[in-house]
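Enquirer: Dropping in protein.cif, which is mmCIF, N, CA and C atoms:
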data_entry
#
loop_
_atom_site.label_atom_id
_atom_site.label_comp_id
_atom_site.auth_asym_id
_atom_site.auth_seq_id
_atom_site.Cartn_x
_atom_site.Cartn_y
_atom_site.Cartn_z
N MET A 812 0.82 -1.20 0.00
CA MET A 812 0.00 0.00 0.00
C MET A 812 0.86 1.26 0.00
N LYS A 813 1.87 1.26 0.87
CA LYS A 813 2.76 2.41 0.96
C LYS A 813 3.54 2.59 -0.35
N ARG A 814 3.98 1.50 -0.91
CA ARG A 814 4.72 1.53 -2.17
C ARG A 814 3.85 2.06 -3.32
N GLU A 815 2.59 1.63 -3.37
CA GLU A 815 1.66 2.09 -4.41
C GLU A 815 1.42 3.59 -4.29
N LEU A 816 1.27 4.07 -3.07
CA LEU A 816 1.06 5.49 -2.84
C LEU A 816 2.28 6.28 -3.30
N TYR A 817 3.45 5.76 -3.02
CA TYR A 817 4.68 6.40 -3.45
C TYR A 817 4.75 6.49 -4.97
N GLU A 818 4.38 5.42 -5.66
CA GLU A 818 4.41 5.41 -7.12
C GLU A 818 3.41 6.39 -7.72
N VAL A 819 2.24 6.50 -7.12
CA VAL A 819 1.25 7.47 -7.58
C VAL A 819 1.78 8.89 -7.41
N ALA A 820 2.38 9.17 -6.25
CA ALA A 820 2.94 10.49 -6.00
C ALA A 820 4.07 10.80 -6.97
N LEU A 821 4.88 9.82 -7.27
CA LEU A 821 5.99 10.01 -8.21
C LEU A 821 5.47 10.32 -9.62
N ARG A 822 4.43 9.60 -10.03
CA ARG A 822 3.84 9.87 -11.34
C ARG A 822 3.24 11.28 -11.39
N ALA A 823 2.57 11.68 -10.31
CA ALA A 823 1.97 13.02 -10.26
C ALA A 823 3.06 14.08 -10.33
N TRP A 824 4.18 13.85 -9.62
CA TRP A 824 5.27 14.83 -9.63
C TRP A 824 5.84 15.01 -11.03
N ARG A 825 5.84 13.95 -11.83
CA ARG A 825 6.36 14.05 -13.19
C ARG A 825 5.52 14.98 -14.06
N PHE A 826 4.22 15.06 -13.79
CA PHE A 826 3.33 15.91 -14.57
C PHE A 826 3.23 17.33 -14.01
N LEU A 827 3.50 17.51 -12.74
CA LEU A 827 3.34 18.81 -12.10
C LEU A 827 4.15 19.92 -12.78
N PRO A 828 5.42 19.73 -13.08
CA PRO A 828 6.16 20.81 -13.75
C PRO A 828 5.56 21.22 -15.09
N LYS A 829 5.07 20.24 -15.84
CA LYS A 829 4.47 20.55 -17.14
C LYS A 829 3.17 21.34 -16.96
N VAL A 830 2.36 20.92 -16.01
CA VAL A 830 1.09 21.62 -15.76
C VAL A 830 1.36 23.04 -15.29
N LEU A 831 2.28 23.21 -14.35
CA LEU A 831 2.62 24.54 -13.86
C LEU A 831 3.20 25.41 -14.97
N ARG A 832 4.04 24.83 -15.82
CA ARG A 832 4.62 25.58 -16.94
C ARG A 832 3.53 26.11 -17.86
N LEU A 833 2.56 25.26 -18.15
CA LEU A 833 1.47 25.68 -19.04
C LEU A 833 0.57 26.73 -18.39
N LEU A 834 0.26 26.55 -17.12
CA LEU A 834 -0.59 27.52 -16.42
C LEU A 834 0.10 28.88 -16.29
N LEU A 835 1.35 28.88 -15.87
CA LEU A 835 2.08 30.14 -15.71
C LEU A 835 2.31 30.81 -17.05
N GLY A 836 2.62 30.02 -18.07
CA GLY A 836 2.79 30.58 -19.41
C GLY A 836 1.51 31.20 -19.92
N GLY A 837 0.40 30.51 -19.73
CA GLY A 837 -0.89 31.06 -20.14
C GLY A 837 -1.24 32.33 -19.40
N LEU A 838 -0.93 32.38 -18.12
CA LEU A 838 -1.19 33.59 -17.33
C LEU A 838 -0.39 34.78 -17.86
N LEU A 839 0.87 34.55 -18.18
CA LEU A 839 1.69 35.66 -18.69
C LEU A 839 1.23 36.12 -20.07
N VAL A 840 0.86 35.19 -20.93
CA VAL A 840 0.36 35.58 -22.25
C VAL A 840 -0.95 36.37 -22.10
N PHE A 841 -1.83 35.90 -21.23
CA PHE A 841 -3.09 36.61 -20.98
C PHE A 841 -2.82 38.03 -20.48
N SER A 842 -1.90 38.17 -19.56
CA SER A 842 -1.56 39.48 -19.01
C SER A 842 -1.01 40.40 -20.10
N ALA A 843 -0.13 39.88 -20.94
CA ALA A 843 0.45 40.68 -22.01
C ALA A 843 -0.61 41.12 -23.01
N VAL A 844 -1.46 40.20 -23.40
CA VAL A 844 -2.51 40.53 -24.38
C VAL A 844 -3.48 41.56 -23.79
N ALA A 845 -3.80 41.42 -22.51
CA ALA A 845 -4.70 42.39 -21.86
C ALA A 845 -4.07 43.78 -21.85
N LYS A 846 -2.77 43.86 -21.60
CA LYS A 846 -2.09 45.17 -21.61
C LYS A 846 -2.02 45.73 -23.02
N LEU A 847 -1.83 44.87 -24.01
CA LEU A 847 -1.80 45.34 -25.39
C LEU A 847 -3.18 45.84 -25.82
N HIS A 848 -4.22 45.18 -25.35
CA HIS A 848 -5.58 45.57 -25.69
C HIS A 848 -5.92 46.95 -25.11
N ASP A 849 -5.55 47.19 -23.86
CA ASP A 849 -5.82 48.48 -23.22
C ASP A 849 -4.72 48.77 -22.19
N PRO A 850 -3.71 49.51 -22.60
CA PRO A 850 -2.60 49.78 -21.69
C PRO A 850 -2.86 50.91 -20.69
N SER A 851 -3.98 51.60 -20.80
CA SER A 851 -4.20 52.78 -19.96
C SER A 851 -4.16 52.51 -18.46
N PRO A 852 -4.76 51.42 -17.93
CA PRO A 852 -4.64 51.19 -16.48
C PRO A 852 -3.19 51.00 -16.02
N TYR A 853 -2.40 50.28 -16.81
CA TYR A 853 -1.00 50.08 -16.46
C TYR A 853 -0.25 51.41 -16.50
N LEU A 854 -0.48 52.21 -17.54
CA LEU A 854 0.21 53.50 -17.66
C LEU A 854 -0.17 54.45 -16.53
N ARG A 855 -1.43 54.44 -16.11
CA ARG A 855 -1.85 55.27 -14.97
C ARG A 855 -1.14 54.83 -13.69
N PHE A 856 -1.04 53.51 -13.50
CA PHE A 856 -0.38 52.98 -12.31
C PHE A 856 1.08 53.40 -12.27
N VAL A 857 1.78 53.24 -13.38
CA VAL A 857 3.20 53.58 -13.43
C VAL A 857 3.40 55.09 -13.27
N ALA A 858 2.51 55.89 -13.86
CA ALA A 858 2.61 57.34 -13.71
C ALA A 858 2.37 57.75 -12.26
N ALA A 859 1.46 57.06 -11.57
CA ALA A 859 1.18 57.37 -10.16
C ALA A 859 2.38 57.07 -9.27
N MET A 860 3.28 56.21 -9.73
CA MET A 860 4.49 55.91 -8.96
C MET A 860 5.59 56.93 -9.25
N GLY A 861 5.32 57.90 -10.12
CA GLY A 861 6.28 58.96 -10.38
C GLY A 861 7.10 58.80 -11.65
N PHE A 862 6.77 57.83 -12.48
CA PHE A 862 7.51 57.63 -13.72
C PHE A 862 7.08 58.69 -14.74
N THR A 863 8.03 59.18 -15.54
CA THR A 863 7.69 60.11 -16.61
C THR A 863 6.96 59.33 -17.71
N ARG A 864 6.31 60.06 -18.59
CA ARG A 864 5.55 59.41 -19.65
C ARG A 864 6.42 58.52 -20.54
N PRO A 865 7.60 58.99 -21.01
CA PRO A 865 8.44 58.10 -21.82
C PRO A 865 8.89 56.85 -21.06
N LEU A 866 9.21 57.00 -19.78
CA LEU A 866 9.63 55.85 -18.99
C LEU A 866 8.46 54.89 -18.75
N ALA A 867 7.26 55.45 -18.59
CA ALA A 867 6.07 54.60 -18.41
C ALA A 867 5.85 53.75 -19.66
N TYR A 868 5.98 54.37 -20.84
CA TYR A 868 5.82 53.61 -22.08
C TYR A 868 6.94 52.58 -22.26
N ALA A 869 8.15 52.95 -21.85
CA ALA A 869 9.27 52.00 -21.94
C ALA A 869 9.02 50.78 -21.05
N THR A 870 8.51 51.01 -19.84
CA THR A 870 8.22 49.87 -18.97
C THR A 870 7.07 49.04 -19.52
N LEU A 871 6.09 49.69 -20.14
CA LEU A 871 4.99 48.96 -20.76
C LEU A 871 5.52 48.02 -21.83
N VAL A 872 6.38 48.53 -22.69
CA VAL A 872 6.94 47.71 -23.77
C VAL A 872 7.80 46.58 -23.18
N GLY A 873 8.64 46.91 -22.21
CA GLY A 873 9.53 45.91 -21.63
C GLY A 873 8.79 44.81 -20.89
N VAL A 874 7.85 45.20 -20.04
CA VAL A 874 7.10 44.21 -19.25
C VAL A 874 6.23 43.35 -20.17
N THR A 875 5.56 43.99 -21.11
CA THR A 875 4.69 43.24 -22.02
C THR A 875 5.50 42.28 -22.89
N ALA A 876 6.65 42.73 -23.36
CA ALA A 876 7.50 41.86 -24.18
C ALA A 876 8.01 40.68 -23.35
N ALA A 877 8.41 40.94 -22.11
CA ALA A 877 8.90 39.86 -21.24
C ALA A 877 7.79 38.86 -20.96
N GLU A 878 6.60 39.36 -20.64
CA GLU A 878 5.48 38.46 -20.36
C GLU A 878 5.12 37.63 -21.59
N LEU A 879 5.01 38.29 -22.72
CA LEU A 879 4.62 37.58 -23.94
C LEU A 879 5.70 36.59 -24.36
N GLY A 880 6.95 37.01 -24.32
CA GLY A 880 8.04 36.13 -24.72
C GLY A 880 8.17 34.91 -23.81
N LEU A 881 8.21 35.14 -22.50
CA LEU A 881 8.32 34.02 -21.57
C LEU A 881 7.09 33.13 -21.62
N GLY A 882 5.92 33.75 -21.74
CA GLY A 882 4.68 32.98 -21.79
C GLY A 882 4.64 32.07 -23.01
N LEU A 883 5.00 32.60 -24.16
CA LEU A 883 4.98 31.79 -25.38
C LEU A 883 6.03 30.69 -25.34
N LEU A 884 7.22 31.02 -24.85
CA LEU A 884 8.26 29.98 -24.71
C LEU A 884 7.80 28.86 -23.78
N ALA A 885 7.12 29.26 -22.70
CA ALA A 885 6.63 28.24 -21.75
C ALA A 885 5.55 27.38 -22.40
N LEU A 886 4.63 28.01 -23.11
CA LEU A 886 3.56 27.24 -23.74
C LEU A 886 4.10 26.30 -24.83
N LEU A 887 5.15 26.74 -25.50
CA LEU A 887 5.75 25.90 -26.54
C LEU A 887 6.71 24.85 -25.96
N GLY A 888 7.05 24.99 -24.70
CA GLY A 888 7.94 24.02 -24.06
C GLY A 888 9.40 24.18 -24.44
N LEU A 889 9.77 25.39 -24.89
CA LEU A 889 11.16 25.64 -25.27
C LEU A 889 11.96 26.14 -24.06
N TYR A 890 13.09 25.55 -23.81
CA TYR A 890 13.97 25.93 -22.68
C TYR A 890 13.21 26.01 -21.36
N PRO A 891 12.45 25.00 -20.99
CA PRO A 891 11.53 25.12 -19.86
C PRO A 891 12.18 25.49 -18.53
N GLY A 892 13.31 24.90 -18.21
CA GLY A 892 13.94 25.21 -16.94
C GLY A 892 14.36 26.66 -16.83
N GLY A 893 15.03 27.14 -17.85
CA GLY A 893 15.47 28.54 -17.86
C GLY A 893 14.31 29.52 -17.90
N VAL A 894 13.31 29.20 -18.71
CA VAL A 894 12.14 30.07 -18.82
C VAL A 894 11.42 30.17 -17.47
N LEU A 895 11.26 29.05 -16.79
CA LEU A 895 10.58 29.07 -15.50
C LEU A 895 11.39 29.84 -14.46
N ARG A 896 12.70 29.76 -14.50
CA ARG A 896 13.52 30.55 -13.58
C ARG A 896 13.37 32.04 -13.87
N LEU A 897 13.35 32.39 -15.15
CA LEU A 897 13.14 33.80 -15.51
C LEU A 897 11.74 34.28 -15.12
N MET A 898 10.76 33.39 -15.21
CA MET A 898 9.41 33.74 -14.75
C MET A 898 9.44 34.05 -13.26
N ALA A 899 10.16 33.26 -12.49
CA ALA A 899 10.26 33.50 -11.05
C ALA A 899 10.87 34.86 -10.78
N VAL A 900 11.89 35.23 -11.54
CA VAL A 900 12.50 36.55 -11.39
C VAL A 900 11.49 37.64 -11.74
N LEU A 901 10.73 37.44 -12.81
CA LEU A 901 9.72 38.41 -13.21
C LEU A 901 8.66 38.59 -12.13
N PHE A 902 8.15 37.47 -11.59
CA PHE A 902 7.15 37.55 -10.53
C PHE A 902 7.72 38.21 -9.28
N ALA A 903 8.98 37.91 -8.95
CA ALA A 903 9.62 38.55 -7.80
C ALA A 903 9.75 40.06 -8.05
N GLY A 904 10.04 40.44 -9.28
CA GLY A 904 10.08 41.86 -9.64
C GLY A 904 8.72 42.53 -9.44
N PHE A 905 7.66 41.81 -9.79
CA PHE A 905 6.32 42.35 -9.57
C PHE A 905 6.05 42.58 -8.08
N VAL A 906 6.56 41.68 -7.24
CA VAL A 906 6.41 41.84 -5.79
C VAL A 906 7.09 43.13 -5.35
N LEU A 907 8.29 43.38 -5.85
CA LEU A 907 9.02 44.59 -5.48
C LEU A 907 8.31 45.85 -5.97
N VAL A 908 7.76 45.81 -7.17
CA VAL A 908 7.03 46.96 -7.70
C VAL A 908 5.79 47.24 -6.85
N LEU A 909 5.08 46.19 -6.47
CA LEU A 909 3.90 46.38 -5.62
C LEU A 909 4.29 46.91 -4.25
N ALA A 910 5.41 46.46 -3.71
CA ALA A 910 5.88 46.97 -2.42
C ALA A 910 6.21 48.45 -2.53
N TYR A 911 6.87 48.82 -3.61
CA TYR A 911 7.18 50.23 -3.84
C TYR A 911 5.90 51.06 -3.96
N ALA A 912 4.92 50.54 -4.67
CA ALA A 912 3.64 51.24 -4.83
C ALA A 912 2.95 51.40 -3.48
N LEU A 913 3.00 50.38 -2.65
CA LEU A 913 2.40 50.48 -1.31
C LEU A 913 3.12 51.53 -0.47
N LEU A 914 4.44 51.57 -0.55
CA LEU A 914 5.20 52.58 0.19
C LEU A 914 4.86 53.99 -0.26
N ARG A 915 4.60 54.15 -1.53
CA ARG A 915 4.23 55.47 -2.08
C ARG A 915 2.73 55.74 -1.94
N ARG A 916 2.01 54.78 -1.37
CA ARG A 916 0.56 54.90 -1.17
C ARG A 916 -0.20 55.09 -2.48
N VAL A 917 0.23 54.32 -3.49
CA VAL A 917 -0.46 54.33 -4.78
C VAL A 917 -1.63 53.37 -4.66
N GLY A 918 -2.82 53.87 -4.89
CA GLY A 918 -4.02 53.04 -4.80
C GLY A 918 -4.53 52.67 -6.18
N GLY A 919 -5.65 52.01 -6.20
CA GLY A 919 -6.29 51.64 -7.46
C GLY A 919 -5.70 50.39 -8.07
N SER A 920 -5.92 50.24 -9.36
CA SER A 920 -5.50 49.05 -10.07
C SER A 920 -4.05 49.18 -10.51
N CYS A 921 -3.35 48.05 -10.51
CA CYS A 921 -1.96 48.05 -10.99
C CYS A 921 -1.91 47.89 -12.51
N GLY A 922 -3.03 47.57 -13.13
CA GLY A 922 -3.07 47.43 -14.58
C GLY A 922 -2.44 46.14 -15.08
N CYS A 923 -2.23 45.19 -14.20
CA CYS A 923 -1.59 43.91 -14.58
C CYS A 923 -2.33 43.22 -15.72
N PHE A 924 -3.63 43.29 -15.69
CA PHE A 924 -4.44 42.61 -16.70
C PHE A 924 -5.32 43.61 -17.45
N GLY A 925 -4.81 44.81 -17.64
CA GLY A 925 -5.57 45.84 -18.34
C GLY A 925 -6.88 46.12 -17.62
N ARG A 926 -7.94 46.26 -18.39
CA ARG A 926 -9.27 46.46 -17.79
C ARG A 926 -10.02 45.15 -17.61
N ILE A 927 -9.45 44.07 -18.10
CA ILE A 927 -10.15 42.78 -18.07
C ILE A 927 -10.35 42.30 -16.65
N VAL A 928 -9.29 42.39 -15.83
CA VAL A 928 -9.36 41.99 -14.43
C VAL A 928 -8.82 43.15 -13.61
N GLY A 929 -9.64 43.71 -12.76
CA GLY A 929 -9.21 44.82 -11.92
C GLY A 929 -8.46 44.32 -10.70
N VAL A 930 -7.14 44.40 -10.75
CA VAL A 930 -6.30 43.96 -9.64
C VAL A 930 -5.87 45.18 -8.86
N LYS A 931 -6.24 45.24 -7.59
CA LYS A 931 -5.90 46.38 -6.73
C LYS A 931 -4.53 46.17 -6.11
N VAL A 932 -3.82 47.26 -5.92
CA VAL A 932 -2.52 47.22 -5.26
C VAL A 932 -2.73 46.88 -3.79
N GLY A 933 -2.04 45.86 -3.30
CA GLY A 933 -2.18 45.49 -1.90
C GLY A 933 -1.32 44.31 -1.53
N LEU A 934 -1.39 43.96 -0.26
CA LEU A 934 -0.60 42.84 0.24
C LEU A 934 -1.03 41.51 -0.37
N ALA A 935 -2.31 41.37 -0.65
CA ALA A 935 -2.80 40.12 -1.25
C ALA A 935 -2.17 39.89 -2.63
N GLU A 936 -2.02 40.97 -3.40
CA GLU A 936 -1.43 40.84 -4.73
C GLU A 936 0.06 40.54 -4.62
N MET A 937 0.71 41.12 -3.62
CA MET A 937 2.12 40.80 -3.38
C MET A 937 2.25 39.32 -3.04
N GLY A 938 1.37 38.83 -2.19
CA GLY A 938 1.38 37.42 -1.82
C GLY A 938 1.13 36.53 -3.01
N ARG A 939 0.19 36.92 -3.86
CA ARG A 939 -0.11 36.14 -5.06
C ARG A 939 1.12 36.03 -5.96
N ASP A 940 1.80 37.15 -6.18
CA ASP A 940 2.98 37.12 -7.04
C ASP A 940 4.12 36.34 -6.40
N LEU A 941 4.22 36.40 -5.09
CA LEU A 941 5.24 35.61 -4.40
C LEU A 941 4.96 34.11 -4.56
N VAL A 942 3.70 33.73 -4.44
CA VAL A 942 3.32 32.33 -4.65
C VAL A 942 3.60 31.91 -6.09
N LEU A 943 3.30 32.79 -7.04
CA LEU A 943 3.59 32.46 -8.45
C LEU A 943 5.08 32.28 -8.68
N ALA A 944 5.91 33.11 -8.04
CA ALA A 944 7.36 32.97 -8.15
C ALA A 944 7.81 31.62 -7.59
N CYS A 945 7.25 31.25 -6.45
CA CYS A 945 7.60 29.96 -5.84
C CYS A 945 7.14 28.79 -6.71
N LEU A 946 5.97 28.89 -7.30
CA LEU A 946 5.48 27.83 -8.19
C LEU A 946 6.38 27.70 -9.43
N ALA A 947 6.84 28.83 -9.94
CA ALA A 947 7.74 28.79 -11.09
C ALA A 947 9.05 28.09 -10.72
N LEU A 948 9.57 28.39 -9.53
CA LEU A 948 10.80 27.72 -9.09
C LEU A 948 10.58 26.23 -8.85
N LEU A 949 9.42 25.90 -8.30
CA LEU A 949 9.09 24.49 -8.08
C LEU A 949 9.02 23.75 -9.41
N ALA A 950 8.38 24.36 -10.39
CA ALA A 950 8.28 23.74 -11.72
C ALA A 950 9.67 23.64 -12.36
N ALA A 951 10.50 24.66 -12.18
CA ALA A 951 11.84 24.65 -12.76
C ALA A 951 12.66 23.50 -12.18
N ARG A 952 12.42 23.18 -10.93
CA ARG A 952 13.14 22.08 -10.29
C ARG A 952 12.85 20.76 -11.03
N GLY A 953 11.64 20.63 -11.56
CA GLY A 953 11.30 19.43 -12.32
C GLY A 953 12.02 19.34 -13.65
N TYR A 954 12.58 20.47 -14.10
CA TYR A 954 13.32 20.49 -15.37
C TYR A 954 14.82 20.69 -15.15
N ARG A 955 15.30 20.40 -13.95
CA ARG A 955 16.69 20.74 -13.60
C ARG A 955 17.73 20.06 -14.47
N HIS A 956 17.39 18.99 -15.15
CA HIS A 956 18.36 18.30 -15.98
C HIS A 956 18.24 18.68 -17.46
N GLN A 957 17.47 19.71 -17.72
CA GLN A 957 17.29 20.11 -19.13
C GLN A 957 17.93 21.44 -19.40
#
Once you've parsed the file, please lay out its structure as structure tokens.
Expert:
Amino acid sequence: MKRELYEVALRAWRFLPKVLRLLLGGLLVFSAVAKLHDPSPYLRFVAAMGFTRPLAYATLVGVTAAELGLGLLALLGLYPGGVLRLMAVLFAGFVLVLAYALLRRVGGSCGCFGRIVGVKVGLAEMGRDLVLACLALLAARGYRHQ
């Protein structure tokens, strides 16, 4: 019985990195497409943190390109270990940006998902991004030999 349970857990662990890679990749692609569809909430958020208009647009292009690129690579299964580690760095960066916004008392939506999903700046969102970073690292561990 114990041996059978171990084998089931081992089989599940083999699929977990792939499932997490697909879910995280899909989330990043969704976020990028939402920002491309309507970047105004993101631009308002960045401007409220004190960024100039050119810098706000530069961060929009950079963040959207990173999300779309990493998301597509993850969905295609290309370089999965490295992509998942970079996703973890990206999510950790989002945690830092949200912490900075909280320190500056920036309220409202962070514009993460454009107008499609209204995500408010707060500790819960920081926690969510921290969990996503940890999940990306967990999934990357499953690809450590690739």
Enquirer: Please run DSSP on the backbone and report, as a list in words, all residues within stretch 913-955 of chain A that come out as strand (DSSP E or B).
Expert: Ser920, Phe924, Val928 and Lys931 of chain A
Enquirer: Carefully work through the PyMOL selection byres (((chain A and resi 926-928 and name CA) around 12) and name CA) for this structure and note down the residues it includes, as a list in words.
Expert: Phe841, Ser842, Ala843, Val844, Ala845, Lys846, Leu847, His848, Asp849, Pro850, Ser851, Pro852, Tyr853, Leu854, Arg855, Gly919, Ser920, Cys921, Gly922, Cys923, Phe924, Gly925, Gly929, Val930 and Lys931 of chain A
Enquirer: Give me, as JSON lines, each residue of stretch 883-936 of chain A that comes within 10 Å of stretch 827-830 of chain A, together with its shortest interatomic pair and the distance in Å at one decimal, counting only C-alpha atoms, with rows ordered by chain and rising residue number.
Expert:
{"residue": "A:Ala885", "atom": "CA", "partner": "A:Lys829", "partner_atom": "CA", "distance": 9.2}
{"residue": "A:Leu886", "atom": "CA", "partner": "A:Lys829", "partner_atom": "CA", "distance": 9.4}
{"residue": "A:Gly888", "atom": "CA", "partner": "A:Lys829", "partner_atom": "CA", "distance": 8.5}
{"residue": "A:Pro891", "atom": "CA", "partner": "A:Lys829", "partner_atom": "CA", "distance": 8.8}
{"residue": "A:Gly892", "atom": "CA", "partner": "A:Pro828", "partner_atom": "CA", "distance": 9.5}
{"residue": "A:Leu895", "atom": "CA", "partner": "A:Pro828", "partner_atom": "CA", "distance": 9.5}
Enquirer: Given the selection you just returned, output its residues as a file containing N, CA and C atoms, formatted as a compact mmCIF listing (two decimals), keeping the file's coordinate frame.
Expert:
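Contents of again.txt, freshly written:
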# COMPACT_ATOMS: atom_id res chain seq x y z
N ALA A 885 7.12 29.26 -22.70
CA ALA A 885 6.63 28.24 -21.75
C ALA A 885 5.55 27.38 -22.40
N LEU A 886 4.63 28.01 -23.11
CA LEU A 886 3.56 27.24 -23.74
C LEU A 886 4.10 26.30 -24.83
N GLY A 888 7.05 24.99 -24.70
CA GLY A 888 7.94 24.02 -24.06
C GLY A 888 9.40 24.18 -24.44
N PRO A 891 12.45 25.00 -20.99
CA PRO A 891 11.53 25.12 -19.86
C PRO A 891 12.18 25.49 -18.53
N GLY A 892 13.31 24.90 -18.21
CA GLY A 892 13.94 25.21 -16.94
C GLY A 892 14.36 26.66 -16.83
N LEU A 895 11.26 29.05 -16.79
CA LEU A 895 10.58 29.07 -15.50
C LEU A 895 11.39 29.84 -14.46
Enquirer: For atom N of A:Arg915 and atom N of A:Gly873, quote the distance in Å rounded to one decimal.
Expert: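 Interatomic distance here is 22.3 Å.
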Enquirer: With only N, CA and C atoms as the counted atoms, please give the residues lying no more than 6.5 Å from A:Leu881, apart from itself and same-chain residues fewer than 5 positions off, as a CSV table (one decimal) with N, CA and C atoms, in the frame of the given file.
Expert:
chain,number,residue,atom,x,y,z
A,836,GLY,N,2.6,30.0,-18.1
A,836,GLY,CA,2.8,30.6,-19.4
A,836,GLY,C,1.5,31.2,-19.9
A,876,ALA,N,6.6,42.7,-23.4
A,876,ALA,CA,7.5,41.9,-24.2
A,876,ALA,C,8.0,40.7,-23.4
A,886,LEU,N,4.6,28.0,-23.1
A,886,LEU,CA,3.6,27.2,-23.7
A,886,LEU,C,4.1,26.3,-24.8
A,894,VAL,N,13.3,29.2,-18.7
A,894,VAL,CA,12.1,30.1,-18.8
A,894,VAL,C,11.4,30.2,-17.5
Enquirer: Work out how far atom N of A:Ala899 is from atom C of A:Cys945, in Å to one decimal.
Expert: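 Taking atom C of A:Cys945 and atom N of A:Ala899, their separation equals 7.9 Å.
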Enquirer: Residues within 7 Å of A:Met898, please, as a PyMOL selection string. Count only N, CA and C atoms; anything in the same chain fewer than 3 positions from it doesn't count.
Expert: chain A and resi 881+893-895+901-903+943-944+947-948
Enquirer: What is the atom N of A:Leu907 to atom C of A:Val942 distance in Å?
Expert: 12.4 Å
Enquirer: With only C-alpha atoms as the basis for distance, which of A:Arg939, A:Pro865, A:Arg832, A:Leu914 is at the shortest distance from A:Leu897?
Expert: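 Looking at the shortest contact to A:Leu897, the residue is A:Arg832.
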Enquirer: As a PyMOL selection string, please: the residues near A:Leu883 (cut-off 8 Å, only N, CA and C atoms, same-chain neighbours under 6 positions excluded).
Expert: chain A and resi 835-837+839-840+877+889
Enquirer: With 8 Å added on each side, what axis-aligned box encloses every listed atom of stretch 944-957 of chain A? Give the centre and edge lengths in Å to one decimal, as JSON.
Expert:
{"center_x": 11.9, "center_y": 25.7, "center_z": -12.6, "size_x": 28.9, "size_y": 30.8, "size_z": 29.6}
Enquirer: Would you please work out which residue, of A:Leu909, A:Glu878, A:Gly918, A:Leu831, is nearest to A:Leu946 when using all atoms listed in the file?
Expert: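 Result for the nearest residue to A:Leu946: A:Leu831.
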Enquirer: How would you write as a ChimeraX atom specification the residues that get within 10 Å of (13.1, 17.8, -12.6) in the file's frame, counting only C-alpha atoms?
Expert: /A:824-825,827-828,892,949-957
Enquirer: Go through A:Ala910, A:Val917, A:Leu887, A:Leu838 and flag the residue nearest A:Met860, using all atoms listed in the file for the distances.
Expert: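 Result for the nearest residue to A:Met860: A:Val917.
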Enquirer: Residues picked by the PyMOL selection byres (((chain A and resi 937 and name CA) around 8) and name CA) here, as a VMD selection string?
Expert: chain A and resid 905 to 906 909 to 910 933 to 936 938 to 941
